[in-house]
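Below is input_37.cif, which holds mmCIF, C-alpha atoms.
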```
data_protein
#
loop_
_atom_site.label_atom_id
_atom_site.label_comp_id
_atom_site.auth_asym_id
_atom_site.auth_seq_id
_atom_site.Cartn_x
_atom_site.Cartn_y
_atom_site.Cartn_z
CA MET J 1 0.03 18.06 -6.60
CA SER J 2 -3.13 16.89 -4.85
CA THR J 3 -2.45 14.77 -1.81
CA LEU J 4 -4.15 11.45 -1.29
CA ARG J 5 -5.78 12.86 1.83
CA THR J 6 -7.41 15.53 -0.34
CA LEU J 7 -8.47 13.05 -3.00
CA ILE J 8 -10.00 10.66 -0.48
CA GLY J 9 -11.68 13.54 1.30
CA SER J 10 -13.55 14.42 -1.89
CA GLY J 11 -16.00 11.58 -1.22
CA ARG J 12 -15.74 10.07 -4.69
CA LEU J 13 -14.27 6.72 -5.61
CA LEU J 14 -10.59 6.98 -6.56
CA VAL J 15 -9.64 4.37 -9.18
CA VAL J 16 -5.95 3.51 -8.93
CA PRO J 17 -4.11 1.22 -11.38
CA GLY J 18 -0.89 -0.48 -10.35
CA ALA J 19 2.60 0.16 -11.73
CA ALA J 20 5.71 -1.98 -11.43
CA ASN J 21 8.02 0.55 -13.08
CA ALA J 22 8.32 4.21 -13.97
CA LEU J 23 7.17 3.82 -17.58
CA THR J 24 3.92 2.13 -16.54
CA ALA J 25 3.38 4.90 -14.01
CA ARG J 26 3.88 7.44 -16.80
CA VAL J 27 1.23 5.72 -18.90
CA ILE J 28 -1.19 5.65 -15.95
CA GLU J 29 -0.75 9.36 -15.31
CA ASP J 30 -0.93 10.14 -19.03
CA CYS J 31 -4.29 8.33 -19.23
CA GLY J 32 -5.70 10.70 -16.61
CA PHE J 33 -5.60 8.68 -13.40
CA GLU J 34 -4.99 10.71 -10.26
CA SER J 35 -2.84 8.24 -8.34
CA VAL J 36 -0.55 5.25 -8.92
CA TYR J 37 -0.28 2.09 -6.82
CA VAL J 38 3.29 0.81 -6.60
CA THR J 39 2.55 -2.90 -6.58
CA GLY J 40 4.80 -5.26 -4.67
CA ALA J 41 3.52 -8.24 -6.64
CA GLY J 42 4.20 -6.45 -9.89
CA LEU J 43 7.71 -5.52 -8.79
CA ALA J 44 8.46 -9.13 -7.83
CA ASN J 45 7.07 -10.36 -11.16
CA THR J 46 8.82 -7.82 -13.40
CA HIS J 47 12.05 -6.99 -11.56
CA LEU J 48 12.86 -10.52 -10.38
CA GLY J 49 10.63 -12.74 -12.51
CA VAL J 50 9.31 -14.47 -9.39
CA PRO J 51 5.89 -14.85 -7.72
CA ASP J 52 4.68 -12.58 -4.93
CA ILE J 53 6.07 -14.56 -2.00
CA GLY J 54 8.13 -11.97 -0.14
CA LEU J 55 11.37 -12.09 -2.18
CA LEU J 56 11.56 -8.37 -2.99
CA THR J 57 14.00 -6.57 -0.70
CA PHE J 58 13.43 -3.25 1.03
CA SER J 59 16.24 -1.50 -0.86
CA GLU J 60 14.81 -2.71 -4.18
CA LEU J 61 11.41 -1.29 -3.26
CA VAL J 62 12.81 2.08 -2.19
CA ALA J 63 14.81 2.40 -5.41
CA HIS J 64 11.75 1.70 -7.55
CA VAL J 65 9.60 4.16 -5.59
CA ALA J 66 12.21 6.89 -6.05
CA ALA J 67 12.36 6.24 -9.80
CA ILE J 68 8.57 6.28 -10.13
CA ARG J 69 8.32 9.45 -8.02
CA GLU J 70 10.73 11.17 -10.41
CA ALA J 71 8.67 10.08 -13.41
CA VAL J 72 5.18 11.21 -12.33
CA SER J 73 3.57 13.98 -10.32
CA VAL J 74 0.50 12.13 -9.01
CA PRO J 75 0.49 10.63 -5.48
CA LEU J 76 1.92 7.15 -4.96
CA ILE J 77 0.37 4.44 -2.80
CA VAL J 78 3.22 2.06 -1.97
CA ASP J 79 2.78 -1.60 -1.11
CA ALA J 80 5.31 -2.25 1.69
CA ASP J 81 4.20 -5.84 2.35
CA THR J 82 4.64 -6.65 6.06
CA GLY J 83 6.76 -3.56 6.74
CA PHE J 84 9.99 -5.53 6.46
CA GLY J 85 10.17 -6.57 10.10
CA ASN J 86 9.14 -5.57 13.59
CA PRO J 87 7.90 -2.10 14.67
CA ILE J 88 11.44 -0.70 14.65
CA ASN J 89 11.90 -1.92 11.08
CA VAL J 90 8.52 -0.43 10.20
CA ARG J 91 9.71 2.97 11.41
CA ARG J 92 12.61 2.85 8.99
CA THR J 93 10.36 1.53 6.22
CA VAL J 94 8.02 4.49 6.59
CA ARG J 95 10.81 7.06 6.86
CA ASP J 96 12.68 5.80 3.80
CA LEU J 97 9.59 5.33 1.63
CA GLU J 98 8.27 8.76 2.60
CA ARG J 99 11.65 10.26 1.68
CA ALA J 100 11.57 8.37 -1.64
CA GLY J 101 8.21 9.94 -2.48
CA ALA J 102 5.41 7.73 -1.14
CA GLY J 103 2.11 9.50 -0.48
CA ALA J 104 0.67 6.46 1.30
CA ILE J 105 2.40 3.41 2.75
CA GLN J 106 0.57 0.10 3.05
CA ILE J 107 1.53 -2.58 5.55
CA GLU J 108 -0.26 -5.89 6.10
CA ASP J 109 -0.77 -8.38 8.91
CA GLN J 110 0.61 -11.48 7.23
CA THR J 111 3.51 -13.42 8.66
CA PHE J 112 6.82 -13.25 6.83
CA PRO J 113 7.43 -14.38 4.16
CA LYS J 114 4.10 -13.07 2.92
CA ARG J 115 2.08 -14.34 -0.03
CA CYS J 116 -0.05 -12.62 -2.64
CA GLY J 117 -3.38 -11.74 -1.07
CA HIS J 118 -5.17 -14.04 -3.50
CA PHE J 119 -2.92 -17.08 -2.93
CA ALA J 120 -3.86 -19.96 -0.66
CA GLY J 121 -1.84 -20.80 2.45
CA LYS J 122 -1.62 -17.35 4.05
CA THR J 123 -1.06 -16.89 7.78
CA VAL J 124 -1.42 -13.75 9.90
CA ILE J 125 0.27 -12.31 12.97
CA PRO J 126 -1.72 -11.57 16.17
CA THR J 127 -3.86 -8.42 16.09
CA GLU J 128 -1.86 -6.87 18.92
CA GLU J 129 1.39 -7.29 17.02
CA MET J 130 -0.03 -5.59 13.95
CA ILE J 131 -1.33 -2.73 16.10
CA THR J 132 2.22 -2.07 17.35
CA LYS J 133 3.38 -1.88 13.73
CA ILE J 134 0.64 0.60 12.86
CA ARG J 135 1.52 2.79 15.83
CA ALA J 136 5.17 2.71 14.81
CA ALA J 137 4.24 3.68 11.25
CA VAL J 138 2.06 6.58 12.40
CA ASP J 139 4.79 7.84 14.75
CA ALA J 140 7.48 7.57 12.07
CA ARG J 141 5.92 9.69 9.33
CA ARG J 142 7.17 13.24 9.11
CA ASP J 143 4.31 14.63 6.99
CA ASP J 144 0.71 14.40 8.19
CA ASP J 145 -0.37 14.11 4.54
CA THR J 146 1.42 10.77 4.29
CA LEU J 147 -1.27 8.15 4.79
CA ILE J 148 -0.79 4.87 6.64
CA VAL J 149 -2.78 2.05 5.05
CA ALA J 150 -3.40 -1.07 7.14
CA ARG J 151 -4.29 -4.24 5.29
CA THR J 152 -5.66 -7.41 6.83
CA ASP J 153 -5.45 -10.82 5.18
CA ALA J 154 -7.45 -12.49 7.95
CA ARG J 155 -10.47 -13.25 5.75
CA ALA J 156 -8.76 -16.34 4.33
CA VAL J 157 -7.42 -17.44 7.72
CA ALA J 158 -10.08 -16.70 10.34
CA GLY J 159 -13.19 -15.64 8.43
CA LEU J 160 -14.89 -12.40 7.50
CA GLY J 161 -15.99 -11.44 11.02
CA GLU J 162 -12.45 -11.60 12.38
CA ALA J 163 -11.16 -9.68 9.36
CA CYS J 164 -13.69 -6.88 9.93
CA ALA J 165 -12.80 -6.76 13.63
CA ARG J 166 -9.12 -6.47 12.77
CA ALA J 167 -9.75 -3.73 10.21
CA ASN J 168 -11.62 -1.68 12.82
CA ALA J 169 -8.88 -2.29 15.40
CA TYR J 170 -6.28 -1.09 12.93
CA ARG J 171 -8.33 2.01 12.24
CA ASP J 172 -8.54 2.67 15.98
CA ALA J 173 -4.76 2.24 16.23
CA GLY J 174 -4.26 5.17 13.84
CA ALA J 175 -4.43 3.82 10.30
CA ASP J 176 -5.81 6.44 7.92
CA VAL J 177 -7.15 3.87 5.45
CA VAL J 178 -7.99 0.21 5.95
CA PHE J 179 -7.87 -2.57 3.39
CA LEU J 180 -9.63 -5.89 3.92
CA GLU J 181 -8.08 -8.16 1.33
CA ALA J 182 -9.88 -10.80 -0.73
CA PRO J 183 -13.60 -10.81 0.15
CA ARG J 184 -15.11 -13.62 -1.91
CA THR J 185 -18.64 -12.55 -2.82
CA GLU J 186 -20.65 -9.41 -3.44
CA ALA J 187 -22.43 -10.04 -0.15
CA GLU J 188 -19.08 -10.10 1.65
CA ILE J 189 -18.07 -6.84 0.00
CA GLU J 190 -21.34 -5.30 1.20
CA THR J 191 -20.65 -6.56 4.73
CA VAL J 192 -17.16 -5.05 4.70
CA ALA J 193 -18.54 -1.72 3.51
CA ALA J 194 -21.17 -1.71 6.26
CA GLU J 195 -19.10 -2.97 9.21
CA VAL J 196 -15.64 -1.47 8.74
CA ARG J 197 -15.17 2.17 9.73
CA GLY J 198 -13.33 4.89 7.86
CA PRO J 199 -11.95 5.12 4.32
CA GLN J 200 -11.46 1.73 2.70
CA ILE J 201 -9.66 0.14 -0.23
CA ILE J 202 -11.17 -2.61 -2.36
CA ASN J 203 -8.65 -4.61 -4.39
CA LEU J 204 -9.98 -5.83 -7.75
CA VAL J 205 -7.52 -8.50 -8.80
CA HIS J 206 -8.21 -9.77 -12.31
CA GLY J 207 -8.23 -13.53 -11.93
CA GLY J 208 -8.41 -13.30 -8.14
CA VAL J 209 -11.12 -14.32 -5.67
CA THR J 210 -12.90 -10.96 -5.30
CA PRO J 211 -15.80 -10.30 -7.72
CA MET J 212 -15.30 -7.41 -10.13
CA LEU J 213 -18.07 -5.01 -9.15
CA PRO J 214 -18.72 -1.90 -11.27
CA GLU J 215 -17.29 1.40 -10.10
CA ARG J 216 -20.79 2.80 -9.59
CA ARG J 217 -21.66 0.02 -7.12
CA LEU J 218 -18.37 0.38 -5.23
CA SER J 219 -18.98 4.11 -4.98
CA GLU J 220 -22.51 3.53 -3.66
CA LEU J 221 -21.07 1.23 -1.00
CA GLY J 222 -18.72 3.99 0.11
CA PHE J 223 -15.29 2.63 -0.79
CA ALA J 224 -12.64 5.31 -1.06
CA ILE J 225 -10.20 3.55 -3.41
CA ALA J 226 -10.62 0.83 -6.02
CA LEU J 227 -7.27 -0.77 -6.82
CA HIS J 228 -6.56 -2.43 -10.15
CA ALA J 229 -3.10 -3.44 -9.05
CA ASN J 230 -2.36 -6.03 -11.72
CA LEU J 231 -4.39 -4.79 -14.71
CA PRO J 232 -1.55 -2.93 -16.52
CA LEU J 233 0.82 -5.85 -15.92
CA LEU J 234 -1.62 -8.40 -17.32
CA ALA J 235 -2.34 -6.17 -20.32
CA GLY J 236 1.38 -5.76 -20.92
CA ILE J 237 2.07 -9.51 -20.76
CA LYS J 238 -0.75 -10.22 -23.21
CA GLY J 239 0.39 -7.47 -25.59
CA ILE J 240 3.99 -8.69 -25.56
CA GLN J 241 2.92 -12.28 -26.11
CA ASP J 242 0.66 -11.36 -29.04
CA ALA J 243 3.35 -9.30 -30.75
CA LEU J 244 6.10 -11.89 -30.23
CA ASN J 245 3.90 -14.79 -31.33
CA THR J 246 3.16 -12.85 -34.51
CA LEU J 247 6.88 -12.31 -35.02
CA ARG J 248 7.67 -15.97 -34.26
CA ALA J 249 5.15 -17.00 -36.91
CA GLY J 250 7.18 -15.09 -39.48
CA THR J 251 5.22 -11.85 -39.75
CA ALA J 252 6.21 -8.47 -38.37
CA PRO J 253 3.57 -7.17 -35.93
CA GLY J 254 1.26 -4.57 -37.43
CA GLU J 255 0.72 -1.02 -36.24
CA ALA J 256 -2.43 -2.07 -34.36
CA GLN J 257 -0.30 -4.25 -32.05
CA LEU J 258 2.35 -1.67 -31.28
CA ALA J 259 2.71 1.82 -29.91
CA SER J 260 4.34 4.10 -32.44
CA TRP J 261 7.93 5.29 -32.17
CA ALA J 262 6.60 8.82 -31.66
CA GLU J 263 4.27 7.72 -28.86
CA ARG J 264 7.10 5.95 -27.08
CA GLN J 265 9.27 9.07 -27.23
CA ARG J 266 6.41 11.26 -26.04
CA LEU J 267 5.81 9.08 -23.00
CA VAL J 268 9.46 9.18 -21.95
CA ARG J 269 9.56 12.98 -22.53
CA ARG J 270 12.24 12.97 -25.22
CA ALA J 271 11.40 16.52 -26.30
CA GLU J 272 11.79 17.77 -22.72
CA PHE J 273 15.26 16.25 -22.45
CA GLU J 274 16.26 17.64 -25.83
CA GLU J 275 15.31 21.10 -24.57
CA LEU J 276 17.45 20.56 -21.48
CA GLU J 277 20.34 19.34 -23.62
CA ALA J 278 20.10 22.46 -25.77
CA ARG J 279 19.99 24.71 -22.70
CA TYR J 280 23.20 23.30 -21.22
CA THR J 281 25.16 22.83 -24.42
CA THR J 282 27.79 25.54 -25.00
CA GLN J 283 29.59 26.37 -28.21
CA GLU J 284 33.05 24.84 -28.60
CA GLY J 285 35.70 27.10 -27.22
CA THR J 286 33.45 29.12 -24.91
CA SER J 287 33.75 29.05 -21.15
#
```

Before anything else, please render the file you have as structure tokens.
Amino acid sequence: MSTLRTLIGSGRLLVVPGAANALTARVIEDCGFESVYVTGAGLANTHLGVPDIGLLTFSELVAHVAAIREAVSVPLIVDADTGFGNPINVRRTVRDLERAGAGAIQIEDQTFPKRCGHFAGKTVIPTEEMITKIRAAVDARRDDDTLIVARTDARAVAGLGEACARANAYRDAGADVVFLEAPRTEAEIETVAAEVRGPQIINLVHGGVTPMLPERRLSELGFAIALHANLPLLAGIKGIQDALNTLRAGTAPGEAQLASWAERQRLVRRAEFEELEARYTTQEGTS
């Protein structure tokens, strides 16, 4: 398995869709993507049916990461929100997520409870406090290939200049990748690319405040990762709604609206498990 450090070091833009469960991660890998983003917002939406306002617990996140790690072989970038507490909590967060299979662990500088990066009303902790969390995260990892991603939400709170300054401070504190959330215009994206040092993530939230620039332009600007954290979730919601509305209207959904039975079984590796079942099945009466 290629590590995220290797993929980022290639110099090309890494496009990473988000998954809120193991099946979605399987589809992402099956479609040829080289990494999966374990989205905290998606987990809150799908697992709890609630908005992204900090309600997902640490144990719920770890359990989902472990399940997704078992389902796919590509590296996982895990959204750990604010790190679930102070620097000591962050140490445990990194250790447990790394053990569960995270290839990169993202923490952000919002206060708790956090909000979706594209919601209004966000607040952030002091830069110095976030730096202590980053240092704790870097110290806690056991594998140098595990990346620490530092996200700042300061653009919405204190302006773009402060957000860029924070991103650079977080990089200096040891973050491998920095992530300035929610720039609002193409000009702001260009400023972030020019002023923030080191590998960067750009988050392309469909329906959010950041303009959807083409991959070619993002690559020219030098971004390392383009996240599409909510695209599979939005596509899934729309597909479910279309099929159920067809059914509610009195007509069974057609093949064009549905994956086939065979495709479903292929994605969940039914044939592989049948082979395992056959391997471990013994004839009656044998020991």

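Here atom CA of Val178 of chain J is placed at a distance of 6.5 Å from atom CA of Pro199 of chain J.
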
Inset, instruction - Tell me, in Å to one decimal, how far atom CA of Val124 of chain J is from atom CA of Val157 of chain J. - result: 7.4 Å

Inset, instruction - Give me the result of the PyMOL selection byres ((chain J and resi 70) around 12) on this file, residue by residue, as an MDAnalysis selection string. - result: chainID J and resid 21:23 25:26 63:69 71:76 100:102 268

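Note that atom CA of Asp81 of chain J and atom CA of Asn168 of chain J are 19.4 Å apart.
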
Legend entry - Explicit residues for the PyMOL selection byres ((chain J and resi 133) around 8) (as a PyMOL selection string): chain J and resi 83+86-87+90+129-132+134-137

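Here the question is which of J:Ser10, J:Asn245, J:Asn203, J:Asn89 gets nearest to Leu231 of chain J using only C-alpha atoms, and that residue is J:Asn203.
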
Inset, instruction - Just the residues within 9 Å of Gly18 of chain J, please, counting all atoms listed in the file, with nothing from its chain fewer than 4 positions along; format it as a list in words. - result: Thr24, Ala25, Ile28, Val36, Tyr37, Val38, Thr39, Gly42, Leu227, His228, Ala229, Asn230, Leu231, Pro232 and Leu233 of chain J

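Picked out by the PyMOL selection byres ((chain J and resi 222) around 9) when it runs on this file: Gly11, Arg12, Leu13, Ala193, Ala194, Pro199, Gln200, Arg217, Leu218, Ser219, Glu220, Leu221, Phe223 and Ala224 of chain J.
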
Mind writing the picked residues with C-alpha atoms as a compact mmCIF listing (two decimals), keeping the file's coordinate frame?
```txt
# COMPACT_ATOMS: atom_id res chain seq x y z
CA GLY J 11 -16.00 11.58 -1.22
CA ARG J 12 -15.74 10.07 -4.69
CA LEU J 13 -14.27 6.72 -5.61
CA ALA J 193 -18.54 -1.72 3.51
CA ALA J 194 -21.17 -1.71 6.26
CA PRO J 199 -11.95 5.12 4.32
CA GLN J 200 -11.46 1.73 2.70
CA ARG J 217 -21.66 0.02 -7.12
CA LEU J 218 -18.37 0.38 -5.23
CA SER J 219 -18.98 4.11 -4.98
CA GLU J 220 -22.51 3.53 -3.66
CA LEU J 221 -21.07 1.23 -1.00
CA PHE J 223 -15.29 2.63 -0.79
CA ALA J 224 -12.64 5.31 -1.06
```

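Of the residues under consideration (J:Gly49, J:Gly40, J:Gly207, J:Gly103), J:Gly103 shows the shortest atom-to-atom contact distance to Leu4 of chain J when counting only C-alpha atoms.
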
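Of the residues listed (J:Glu272, J:Glu98, J:Glu195, J:Asp52), J:Glu98 shows the shortest atom-to-atom separation from Asp144 of chain J; distances use all atoms listed in the file.
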
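For the choices J:Thr210, J:Thr46, J:Thr152, J:Thr185, the atom-to-atom distance to Pro126 of chain J is smallest for J:Thr152 when using all atoms listed in the file.
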
Which residues come within 8 Å of Leu55 of chain J, counting only C-alpha atoms, excluding same-chain residues fewer than 4 positions away, as a CSV table (one decimal) with C-alpha atoms, keeping the file's coordinate frame?
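Output below, filename result-v3.csv:
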```
chain,number,residue,atom,x,y,z
J,44,ALA,CA,8.5,-9.1,-7.8
J,50,VAL,CA,9.3,-14.5,-9.4
J,113,PRO,CA,7.4,-14.4,4.2
```

Legend entry - Test item: residues at most 8 Å from Ala41 of chain J, only C-alpha atoms, excluding those fewer than 4 positions along its chain, as JSON, numbers by chain: {"J": [45, 51, 52, 116]}

Inset, instruction - Identify, on the basis of only C-alpha atoms, every residue whose closest approach to Ile148 of chain J does not exceed 9 Å; exclude the query and any residue fewer than 3 positions from it along the same chain; express the result as a PyMOL selection string. - result: chain J and resi 94+103-107+134+137-138+141+174-178

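Comparing the minimum interatomic distances between Glu181 of chain J and each of J:Arg155, J:Arg166, J:Arg266, J:Arg197, counting only C-alpha atoms, we find that J:Arg155 sits nearest.
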
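Shortest atom-to-atom contact with Val149 of chain J among J:Thr191, J:Arg5, J:Glu29, J:Gly117: J:Arg5, counting only C-alpha atoms.
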
Add whatever atoms are absent from segment 165-186 of chain J to reach N, CA and C atoms, and provide the output as a compact mmCIF listing (two decimals), keeping the file's coordinate frame.
```txt
# COMPACT_ATOMS: atom_id res chain seq x y z
N ALA J 165 -13.21 -7.19 12.29
CA ALA J 165 -12.80 -6.76 13.63
C ALA J 165 -11.36 -6.24 13.60
N ARG J 166 -10.50 -6.93 12.88
CA ARG J 166 -9.12 -6.47 12.77
C ARG J 166 -9.05 -5.13 12.04
N ALA J 167 -9.77 -4.99 10.96
CA ALA J 167 -9.75 -3.73 10.21
C ALA J 167 -10.15 -2.56 11.10
N ASN J 168 -11.19 -2.75 11.92
CA ASN J 168 -11.62 -1.68 12.82
C ASN J 168 -10.57 -1.42 13.91
N ALA J 169 -9.94 -2.47 14.40
CA ALA J 169 -8.88 -2.29 15.40
C ALA J 169 -7.70 -1.53 14.82
N TYR J 170 -7.40 -1.79 13.57
CA TYR J 170 -6.28 -1.09 12.93
C TYR J 170 -6.63 0.38 12.69
N ARG J 171 -7.87 0.63 12.38
CA ARG J 171 -8.33 2.01 12.24
C ARG J 171 -8.21 2.73 13.59
N ASP J 172 -8.63 2.07 14.65
CA ASP J 172 -8.54 2.67 15.98
C ASP J 172 -7.10 2.91 16.40
N ALA J 173 -6.17 2.09 15.88
CA ALA J 173 -4.76 2.24 16.23
C ALA J 173 -4.10 3.40 15.49
N GLY J 174 -4.80 4.00 14.52
CA GLY J 174 -4.26 5.17 13.84
C GLY J 174 -4.14 5.08 12.35
N ALA J 175 -4.49 3.93 11.76
CA ALA J 175 -4.43 3.82 10.30
C ALA J 175 -5.40 4.81 9.66
N ASP J 176 -4.95 5.48 8.62
CA ASP J 176 -5.81 6.44 7.92
C ASP J 176 -6.79 5.75 6.99
N VAL J 177 -6.35 4.65 6.41
CA VAL J 177 -7.15 3.87 5.45
C VAL J 177 -6.99 2.41 5.81
N VAL J 178 -8.07 1.64 5.70
CA VAL J 178 -7.99 0.21 5.95
C VAL J 178 -8.34 -0.56 4.69
N PHE J 179 -7.87 -1.79 4.63
CA PHE J 179 -7.87 -2.57 3.39
C PHE J 179 -8.09 -4.03 3.79
N LEU J 180 -9.32 -4.50 3.63
CA LEU J 180 -9.63 -5.89 3.92
C LEU J 180 -9.47 -6.67 2.62
N GLU J 181 -8.44 -7.48 2.56
CA GLU J 181 -8.08 -8.16 1.33
C GLU J 181 -8.93 -9.41 1.09
N ALA J 182 -9.31 -9.57 -0.18
CA ALA J 182 -9.88 -10.80 -0.73
C ALA J 182 -11.24 -11.24 -0.17
N PRO J 183 -12.23 -10.32 -0.05
CA PRO J 183 -13.60 -10.81 0.15
C PRO J 183 -14.02 -11.62 -1.07
N ARG J 184 -14.89 -12.62 -0.86
CA ARG J 184 -15.11 -13.62 -1.91
C ARG J 184 -16.43 -13.48 -2.66
N THR J 185 -17.35 -12.69 -2.16
CA THR J 185 -18.64 -12.55 -2.82
C THR J 185 -19.09 -11.09 -2.73
N GLU J 186 -20.10 -10.75 -3.53
CA GLU J 186 -20.65 -9.41 -3.44
C GLU J 186 -21.25 -9.16 -2.06
```
